[in-house]
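Visitor: Provided below: work.cif, containing mmCIF, C-alpha atoms and all ligand atoms.
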data_query
#
loop_
_atom_site.label_atom_id
_atom_site.label_comp_id
_atom_site.auth_asym_id
_atom_site.auth_seq_id
_atom_site.Cartn_x
_atom_site.Cartn_y
_atom_site.Cartn_z
CA MET T 297 109.55 87.37 82.05
CA PHE T 298 107.22 85.44 84.36
CA ASN T 299 103.80 85.04 82.80
CA THR T 300 100.53 85.87 84.48
CA ALA T 301 99.83 82.25 85.41
CA THR T 302 103.20 81.93 87.15
CA ARG T 303 102.56 85.10 89.08
CA ALA T 304 99.09 83.92 90.05
CA ALA T 305 100.52 80.59 91.22
CA LEU T 306 103.07 82.40 93.33
CA LEU T 307 100.37 84.54 94.78
CA THR T 308 98.13 81.63 95.78
CA SER T 309 101.02 79.51 97.10
CA LEU T 310 101.78 82.04 99.81
CA SER T 311 99.73 82.73 102.89
CA ILE T 312 97.98 85.97 103.53
CA PHE T 313 98.90 87.58 106.80
CA ALA T 314 96.75 90.38 108.09
CA SER T 315 98.44 91.00 111.41
CA SER T 316 100.01 94.35 112.14
CA ASN T 317 103.60 94.69 113.20
CA SER T 318 105.04 96.80 115.95
CA HIS T 319 108.34 97.51 114.21
CA ALA T 320 107.00 99.91 111.60
CA GLN T 321 108.97 103.12 111.75
CA VAL T 322 106.68 105.94 110.73
CA PHE T 323 108.08 109.44 110.97
CA THR T 324 105.89 112.51 111.08
CA ALA T 325 107.39 115.93 110.45
CA ASN T 326 105.71 119.31 110.09
CA TYR T 327 107.75 122.25 108.90
CA GLY T 328 106.24 125.68 109.55
CA GLN T 329 109.06 127.38 107.65
CA PRO T 330 111.35 126.38 104.80
CA VAL T 331 115.12 126.52 105.16
CA LEU T 332 115.14 128.55 101.98
CA ASP T 333 112.71 130.28 99.67
CA ARG T 334 113.68 132.32 96.67
CA TRP T 335 111.81 134.12 93.91
CA MET T 336 113.52 132.68 90.85
CA TYR T 337 113.14 135.58 88.45
CA PRO T 338 116.04 136.97 86.42
CA PHE T 339 115.45 140.55 87.54
CA ASN T 340 114.98 139.80 91.21
CA PHE T 341 117.94 141.50 92.86
CA ALA T 342 116.89 140.71 96.45
CA ALA T 343 118.46 137.22 96.24
CA GLY T 344 116.18 135.38 98.64
CA ALA T 345 115.29 138.30 100.93
CA GLU T 346 112.14 139.25 98.98
CA THR T 347 108.90 139.15 100.95
CA ARG T 348 106.76 137.76 98.15
CA ALA T 349 107.17 135.79 94.94
CA SER T 350 105.16 136.48 91.80
CA LEU T 351 104.37 133.41 89.72
CA PHE T 352 103.91 134.10 86.04
CA ALA T 353 104.87 133.13 82.53
CA ALA T 354 106.41 135.15 79.72
CA LEU T 355 105.04 133.25 76.76
CA ASN T 356 106.47 133.47 73.27
CA GLN T 357 108.98 136.15 74.28
CA PRO T 358 112.45 135.58 72.81
CA GLY T 359 115.05 135.94 75.54
CA PHE T 360 112.74 134.80 78.36
CA ASP T 361 111.84 131.45 79.82
CA ASP T 362 108.13 130.64 79.56
CA ARG T 363 108.08 129.96 83.29
CA ASP T 364 109.61 133.33 84.10
CA GLY T 365 108.72 133.98 87.75
CA GLU T 366 108.98 130.86 89.93
CA LEU T 367 109.25 130.16 93.67
CA LEU T 368 111.96 127.82 94.93
CA VAL T 369 111.27 126.32 98.35
CA GLY T 370 113.53 124.01 100.33
CA PHE T 371 113.09 121.91 103.46
CA ASP T 372 115.79 119.95 105.30
CA THR T 373 114.34 116.77 106.78
CA GLY T 374 117.37 115.03 108.30
CA ASN T 375 116.64 116.04 111.90
CA ASP T 376 113.24 114.33 111.76
CA ILE T 377 113.58 111.51 109.24
CA PRO T 378 116.81 109.50 109.23
CA THR T 379 118.89 109.94 106.10
CA GLY T 380 121.08 107.54 104.16
CA LYS T 381 118.84 104.48 104.47
CA GLY T 382 118.79 103.95 100.71
CA ARG T 383 116.20 105.36 98.35
CA LEU T 384 113.85 102.36 98.43
CA SER T 385 113.53 102.45 102.23
CA TYR T 386 111.42 105.62 102.10
CA LYS T 387 107.66 105.13 101.64
CA ILE T 388 105.83 108.41 101.43
CA LEU T 389 102.53 108.05 103.27
CA LYS T 390 101.82 111.76 103.09
CA ALA T 391 103.67 114.76 101.69
CA THR T 392 101.85 118.07 101.54
CA LEU T 393 103.39 121.37 100.49
CA SER T 394 101.43 124.53 101.27
CA VAL T 395 102.12 128.10 100.23
CA PHE T 396 99.76 131.06 100.64
CA VAL T 397 98.42 133.71 98.30
CA GLU T 398 99.62 137.27 99.02
CA ASN T 399 97.45 139.20 96.55
CA ASP T 400 93.69 139.50 96.55
CA ALA T 401 91.23 138.62 93.79
CA ALA T 402 93.84 138.82 91.02
CA PHE T 403 93.32 135.41 89.44
CA SER T 404 90.76 132.61 89.30
CA TYR T 405 90.96 129.12 90.73
CA ASP T 406 91.78 126.52 88.11
CA PRO T 407 92.31 123.09 89.72
CA THR T 408 92.51 121.08 86.50
CA PRO T 409 95.25 120.62 83.89
CA ASP T 410 95.06 122.88 80.86
CA PRO T 411 96.31 121.57 77.52
CA LEU T 412 99.85 122.81 76.89
CA ALA T 413 98.60 123.98 73.49
CA SER T 414 96.30 126.45 75.24
CA SER T 415 99.48 128.41 76.03
CA TYR T 416 100.68 128.43 72.41
CA ALA T 417 100.40 131.58 70.34
CA THR T 418 96.87 131.90 69.00
CA SER T 419 98.38 131.95 65.50
CA ASP T 420 99.86 128.47 66.04
CA PRO T 421 97.84 125.86 64.08
CA GLN T 422 97.98 123.61 67.17
CA TYR T 423 96.59 126.29 69.49
CA ILE T 424 93.66 125.17 71.68
CA ALA T 425 91.55 127.62 73.64
CA ASP T 426 91.61 127.39 77.44
CA THR T 427 88.11 126.41 78.55
CA ASP T 428 88.36 127.60 82.15
CA PRO T 429 89.76 130.89 83.50
CA SER T 430 93.40 131.18 84.64
CA LYS T 431 96.06 128.47 84.75
CA PRO T 432 96.62 125.91 87.51
CA ILE T 433 99.48 126.46 89.95
CA GLU T 434 102.06 123.70 89.56
CA VAL T 435 104.92 122.19 91.53
CA TRP T 436 107.93 120.55 89.91
CA PRO T 437 111.11 118.81 91.05
CA ALA T 438 114.21 121.02 90.98
CA GLY T 439 116.97 120.54 88.41
CA TYR T 440 120.33 122.31 88.52
CA ARG T 441 122.98 123.57 86.12
CA ASN T 442 126.40 125.22 86.29
CA GLY T 443 127.60 122.82 88.97
CA PHE T 444 124.92 123.70 91.51
CA SER T 445 123.03 121.09 93.52
CA ALA T 446 120.40 120.90 96.23
CA GLU T 447 123.28 121.01 98.69
CA SER T 448 125.11 123.99 97.25
CA PHE T 449 122.32 126.23 95.95
CA LEU T 450 121.27 128.56 98.77
CA GLU T 451 118.59 131.20 98.57
CA ASP T 452 121.18 133.94 97.97
CA SER T 453 123.12 131.98 95.33
CA PRO T 454 123.43 133.49 91.83
CA PHE T 455 120.26 133.26 89.73
CA GLY T 456 122.01 131.90 86.69
CA GLY T 457 124.91 131.85 84.30
CA ALA T 458 125.26 133.12 80.74
CA PRO T 459 121.88 133.18 78.94
CA THR T 460 121.50 131.09 75.79
CA VAL T 461 119.50 134.04 74.44
CA PRO T 462 119.91 137.43 76.19
CA PRO T 463 118.78 138.82 78.48
CA ALA T 464 117.78 135.73 80.50
CA GLN T 465 116.73 132.67 78.52
CA GLY T 466 118.06 129.26 79.50
CA ALA T 467 120.34 130.49 82.28
CA ARG T 468 118.68 129.74 85.60
CA ASN T 469 120.78 127.67 88.00
CA VAL T 470 117.65 125.99 89.41
CA TYR T 471 114.79 125.07 87.12
CA PRO T 472 111.63 122.96 87.02
CA VAL T 473 112.63 119.59 85.66
CA LEU T 474 110.69 116.83 83.90
CA LEU T 475 112.31 113.62 85.11
CA ASP T 476 112.34 110.11 83.75
CA ASN T 477 112.63 107.06 86.00
CA TYR T 478 116.41 107.19 85.74
CA GLN T 479 116.17 110.74 87.13
CA ALA T 480 117.54 112.20 83.92
CA GLY T 481 115.62 115.38 83.23
CA VAL T 482 114.91 118.25 80.90
CA ASP T 483 114.47 121.88 81.91
CA VAL T 484 110.80 122.69 81.28
CA SER T 485 111.22 126.43 81.83
CA ARG T 486 110.42 126.72 78.11
CA GLN T 487 107.97 123.84 77.90
CA VAL T 488 105.51 125.86 75.81
CA ARG T 489 107.96 127.06 73.20
CA ASP T 490 109.71 123.69 73.02
CA LYS T 491 106.33 121.87 73.02
CA VAL T 492 107.55 119.33 75.58
CA PRO T 493 104.76 116.99 76.70
CA GLY T 494 104.78 116.23 80.40
CA ALA T 495 102.96 117.00 83.62
CA PRO T 496 104.15 118.59 86.85
CA MET T 497 104.55 116.70 90.11
CA ALA T 498 101.20 118.06 91.28
CA LEU T 499 98.62 120.76 90.65
CA ALA T 500 97.46 122.91 93.55
CA LYS T 501 94.12 122.73 95.22
CA LEU T 502 93.13 125.98 96.89
CA PHE T 503 91.59 126.18 100.33
CA GLY T 504 90.00 128.95 102.36
CA ASP T 505 88.55 128.95 105.86
CA SER T 506 85.45 127.09 104.70
CA GLY T 507 87.14 124.46 102.58
CA GLU T 508 88.16 124.13 98.96
CA LEU T 509 87.37 127.13 96.78
CA THR T 510 84.90 126.74 93.97
CA PRO T 511 86.69 126.45 90.62
CA GLY T 512 86.51 129.65 88.63
CA THR T 513 86.15 131.96 91.62
CA LEU T 514 88.55 134.84 92.24
CA VAL T 515 91.13 133.81 94.82
CA PRO T 516 91.18 135.79 98.09
CA GLN T 517 94.32 136.88 99.93
CA GLY T 518 95.52 134.28 102.41
CA THR T 519 94.23 131.31 100.39
CA GLU T 520 96.18 128.11 100.95
CA VAL T 521 97.80 126.68 97.80
CA ARG T 522 98.07 123.01 98.67
CA PHE T 523 99.99 120.33 96.80
CA ALA T 524 99.61 116.61 97.58
CA LEU T 525 103.01 115.33 96.48
CA GLY T 526 102.89 111.62 97.25
CA ASN T 527 100.36 110.61 94.60
CA THR T 528 102.57 111.47 91.66
CA ALA T 529 104.26 109.87 88.68
CA SER T 530 106.85 107.26 89.64
CA ALA T 531 109.78 109.40 88.48
CA ASN T 532 108.65 112.15 90.86
CA TYR T 533 108.12 109.62 93.64
CA VAL T 534 111.72 108.49 93.16
CA TYR T 535 112.76 112.16 93.37
CA LEU T 536 111.01 112.43 96.74
CA GLN T 537 112.64 109.22 97.96
CA ASN T 538 116.08 110.52 96.97
CA ALA T 539 115.33 113.84 98.68
CA LEU T 540 114.48 112.06 101.94
CA ASN T 541 117.56 109.89 101.59
CA SER T 542 119.72 113.02 101.34
CA GLY T 543 117.62 115.07 103.78
CA ARG T 544 117.04 117.92 101.30
CA LEU T 545 113.74 118.45 99.50
CA ARG T 546 113.72 121.24 96.93
CA LEU T 547 110.65 122.16 94.84
CA LEU T 548 109.65 124.83 92.32
CA VAL T 549 106.20 126.39 92.35
CA THR T 550 105.23 127.82 88.97
CA THR T 551 102.34 128.64 86.68
CA LEU T 552 101.82 129.31 83.00
CA GLU T 553 99.53 132.23 83.81
CA PRO T 554 100.94 135.06 81.68
CA THR T 555 102.23 138.34 83.04
CA SER T 556 99.90 141.31 82.99
CA GLY T 557 98.16 142.15 79.79
CA GLY T 558 98.39 138.82 78.02
CA PRO T 559 101.21 136.65 76.75
CA GLY T 560 104.60 137.98 77.66
CA GLY T 561 103.67 141.34 79.13
CA GLY T 562 102.08 144.59 78.08
CA THR T 563 99.63 146.68 79.99
CA GLY T 564 96.87 145.62 82.33
CA GLY T 565 96.37 144.56 85.90
CA ILE T 566 98.03 141.67 87.67
CA THR T 567 96.27 138.41 86.81
CA TYR T 568 98.74 135.99 88.37
CA PRO T 569 99.41 134.65 91.90
CA ARG T 570 101.81 136.25 94.36
CA ILE T 571 102.99 134.06 97.23
CA TYR T 572 104.18 134.96 100.74
CA THR T 573 107.81 134.05 101.44
CA ARG T 574 109.24 133.30 104.86
CA GLU T 575 110.61 136.86 105.07
CA ASN T 576 107.10 138.31 104.98
CA ALA T 577 105.66 139.40 108.35
CA ALA T 578 102.66 137.19 107.52
CA ALA T 579 104.88 134.10 107.76
CA ALA T 580 104.87 134.47 111.55
CA LEU T 581 101.09 134.26 111.36
CA GLY T 582 101.20 130.97 109.52
CA TYR T 583 101.34 132.11 105.88
CA GLY T 584 104.88 131.05 105.00
CA PRO T 585 105.71 127.98 102.91
CA GLN T 586 105.08 124.79 104.90
CA LEU T 587 105.60 121.07 104.50
CA ALA T 588 103.90 118.14 106.25
CA LEU T 589 105.44 114.69 105.92
CA GLU T 590 104.50 111.22 107.03
CA VAL T 591 107.12 108.72 105.95
CA ALA T 592 107.58 105.06 106.73
CA VAL T 593 111.17 103.84 106.73
CA THR T 594 111.09 100.11 106.10
CA CYS T 595 112.73 97.41 104.04
CA ALA T 596 112.81 97.94 100.29
CA ALA T 597 110.19 95.30 99.39
CA ASP T 598 107.59 96.73 101.77
CA PHE T 599 106.18 99.06 99.15
CA ASP T 600 103.25 100.43 101.13
CA GLY T 601 105.26 101.00 104.30
CA ASP T 602 103.26 98.88 106.76
CA ASN T 603 106.36 96.82 107.70
CA LEU T 604 104.90 93.65 106.22
CA VAL T 605 105.90 92.19 102.88
CA ASP T 606 102.59 90.69 101.91
CA ASP T 607 99.97 90.47 99.19
CA THR T 608 99.37 94.21 99.17
CA ASP T 609 103.01 94.68 98.22
CA PHE T 610 102.75 91.86 95.71
CA GLY T 611 99.82 93.59 94.06
CA PHE T 612 101.78 96.83 93.98
CA PHE T 613 104.78 95.05 92.51
CA VAL T 614 102.72 93.45 89.75
CA VAL T 615 101.47 96.83 88.59
CA THR T 616 104.96 98.31 88.34
CA TYR T 617 106.29 95.06 86.88
CA ASN T 618 103.82 95.34 84.05
CA GLU T 619 105.03 98.89 83.43
CA LEU T 620 108.73 97.86 83.49
CA ILE T 621 109.87 101.48 83.60
CA ASP T 622 108.15 102.30 86.88
CA ALA T 623 111.08 102.65 89.29
CA ARG T 624 109.23 102.42 92.57
CA CYS T 625 109.87 98.67 92.80
CA ASP T 626 113.27 98.61 91.13
CA LEU T 627 114.93 96.67 93.93
CA ASN T 628 118.30 96.21 92.27
CA GLY T 629 118.42 99.78 91.03
CA ASP T 630 119.14 99.06 87.38
CA GLY T 631 116.37 101.33 86.09
CA VAL T 632 113.84 98.68 85.10
CA THR T 633 111.39 96.66 87.18
CA ASP T 634 111.70 93.18 85.77
CA ASP T 635 112.30 89.52 86.65
CA SER T 636 115.49 90.09 88.62
CA ASP T 637 113.56 92.44 90.90
CA PHE T 638 110.78 89.88 91.13
CA THR T 639 113.24 87.21 92.25
CA GLN T 640 114.50 89.56 94.94
CA PHE T 641 110.96 90.45 95.95
CA VAL T 642 109.89 86.83 96.34
CA VAL T 643 112.61 86.24 98.94
CA ALA T 644 111.28 89.10 101.05
CA TYR T 645 107.70 87.99 100.35
CA ASP T 646 108.47 84.50 101.67
CA ASN T 647 109.73 86.04 104.90
CA LEU T 648 106.60 88.21 105.11
CA LEU T 649 108.18 90.63 107.54
CA CYS T 650 110.87 93.20 107.19
CA ASP T 651 114.02 92.22 109.01
CA CA C 1 113.60 133.87 101.19
CA CA C 2 92.52 127.27 82.56
CA CA C 3 103.73 96.20 103.05
CA CA C 4 115.57 96.37 88.41
#
Show the structure stored in the file as structure tokens.
Ligand SMILES: [Ca+2]
Ligand SMILES: [Ca+2]
Ligand SMILES: [Ca+2]
Ligand SMILES: [Ca+2]
Guide:
Amino acid sequence: MFNTATRAALLTSLSIFASSNSHAQVFTANYGQPVLDRWMYPFNFAAGAETRASLFAALNQPGFDDRDGELLVGFDTGNDIPTGKGRLSYKILKATLSVFVENDAAFSYDPTPDPLASSYATSDPQYIADTDPSKPIEVWPAGYRNGFSAESFLEDSPFGGAPTVPPAQGARNVYPVLLDNYQAGVDVSRQVRDKVPGAPMALAKLFGDSGELTPGTLVPQGTEVRFALGNTASANYVYLQNALNSGRLRLLVTTLEPTSGGPGGGTGGITYPRIYTRENAAAALGYGPQLALEVAVTCAADFDGDNLVDDTDFGFFVVTYNELIDARCDLNGDGVTDDSDFTQFVVAYDNLLCD
């Protein structure tokens, strides 16, 4: 591996260019509707035609996934952003998913991560109390089983196959997935019970007409649930790049907020979010799932998407190089960011510009 001194020498031996370049290809796309949205809940028999999706958890209930009620949303980007350019060509300058709250004053705004152990049974020795009301709303990449894929799973496709534990556990054909940089993943539908450490792609921030809601306040109907997707772990960034390369972005919106009446069910009012789907009449008024993208399509070594391969990219490379497993600068696609990628990068760096 090159040492720090070698890298510093390389850095100082090359000129710094600050000029802009007219060949940058930046694509902006705003989707007012998804191509599919589906309440992923084992006892949803509307198969994509439902007008709202309840997001809730069924914690510590044998036979049920922890993340029991989820919303799958899908956007096809190929008409606006060219596909098939290779994963590393896609630099996500902005990616914002928005969905909107259908119910009124049912749950509180929690914008910060809660410890996973705050969802454990209170009898668990590792249990930690939740210090702020409600659970954040999360978004995850989509994983598939039973032969389904982003291409083949439509909003009216079967929910799942044979449960590992009846009536529903471990069966869903689309599930929130915790990815590594190789894009191998585990189904985190039962993240609480399996005690799987790992964070979602993003947590939602909630916005009303007068800006971001105050944490802890009850959430009004029509509130925007906004996810900034681009500033995410490198494995999720790679997922987004692959989605743009294929032209199909699929995401799962979930929460660990329990169903009514405490963990797993029981009596009591609704204390979880419900989200408008595209089939709801409110979608025509701007309350359906939406996606805003700003993507630069450039050469692989232009990591920040400004069409130059310069010191900014070098600085970005050094950070991922030190991590080794960060795949955002894995130019030869072998799963690690190491000296062979550096050698490739230096060639592009010497040329300064994308071809
Ligand atoms: Ca739908
Ligand atoms: Ca909380
Ligand atoms: Ca650059
Ligand atoms: Ca590599």
Visitor: Return as a PyMOL selection string every polymer residue, whether protein, DNA or RNA, with at least one atom no more than 6 Å from an atom of ligand CA 4 (chain C); count all atoms listed in the file.
Guide: chain T and resi 626-634+637
Visitor: So, counting all atoms listed in the file, which residue among T:Thr594, T:Asn469, T:Asp406, T:Leu367 is closest to ligand CA 3 (chain C)?
Guide: T:Thr594
Visitor: As a PyMOL selection string, please: the residues near segment 496-506 of chain T (cut-off 6 Å, only C-alpha atoms, same-chain neighbours under 5 positions excluded).
Guide: chain T and resi 407+433-436+519-523+528
Visitor: Would you mind reading off the distance between atom CA of Phe360 of chain T and atom CA of Pro463 of chain T, one decimal, in Å?
Guide: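 Rounded to one decimal, the two atoms are 7.3 Å apart.
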Visitor: Enumerate as a PyMOL selection string the residues within 12 Å of ligand CA 1 (chain C), counting all atoms listed in the file.
Guide: chain T and resi 329-336+340+342-349+367-370+450-453+571-576+579+584-585
Visitor: Which residues are close to Val615 of chain T, i.e. within 12 Å by only C-alpha atoms, leaving aside same-chain residues fewer than 2 positions away? Reply as a list in words.
Guide: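 Those residues are Thr300, Arg303, Ser530, Phe599, Thr608, Asp609, Phe610, Gly611, Phe612, Phe613, Tyr617, Asn618, Glu619, Leu620, Ile621, Asp622, Ala623, Arg624, Cys625, Thr633, Asp634 and Phe638 of chain T.
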Visitor: In terms of the shortest atom-to-atom distance over all atoms listed in the file, which of T:Glu447, T:Asp646, T:Asp602, T:Asp476 is closest to ligand CA 3 (chain C)?
Guide: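 Closest to ligand CA 3 (chain C), using all atoms listed in the file: T:Asp602.
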Visitor: Between T:Gly382, T:Gly443, T:Gly374, T:Gly565, which is the closest to Arg468 of chain T once you count all atoms listed in the file?
Guide: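 Using all atoms listed in the file, Arg468 of chain T sits closest to T:Gly443.
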Visitor: Quick one: pull the distance between atom CA of Val395 of chain T and atom CA of Ala580 of chain T, Å, one decimal.
Guide: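 Here the two named atoms are 13.3 Å from each other.
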Visitor: Using all atoms listed in the file, find each protein or nucleic acid residue lying at most 6 Å from ligand CA 3 (chain C); present the set as a PyMOL selection string.
Guide: chain T and resi 598-606+609
Visitor: Would you name the residues within 7 Å of ligand CA 2 (chain C), counting only C-alpha atoms and all ligand atoms, and put them as a CSV table (one decimal) with C-alpha atoms, in the coordinates of the input?
Guide:
chain,number,residue,atom,x,y,z
T,406,ASP,CA,91.8,126.5,88.1
T,410,ASP,CA,95.1,122.9,80.9
T,426,ASP,CA,91.6,127.4,77.4
T,427,THR,CA,88.1,126.4,78.6
T,428,ASP,CA,88.4,127.6,82.2
T,429,PRO,CA,89.8,130.9,83.5
T,430,SER,CA,93.4,131.2,84.6
T,431,LYS,CA,96.1,128.5,84.8
T,432,PRO,CA,96.6,125.9,87.5
Visitor: Atom CA of Pro358 of chain T and atom CA of Tyr416 of chain T are how many Å apart?
Guide: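 For atom CA of Pro358 of chain T relative to atom CA of Tyr416 of chain T, the distance reads 13.8 Å.
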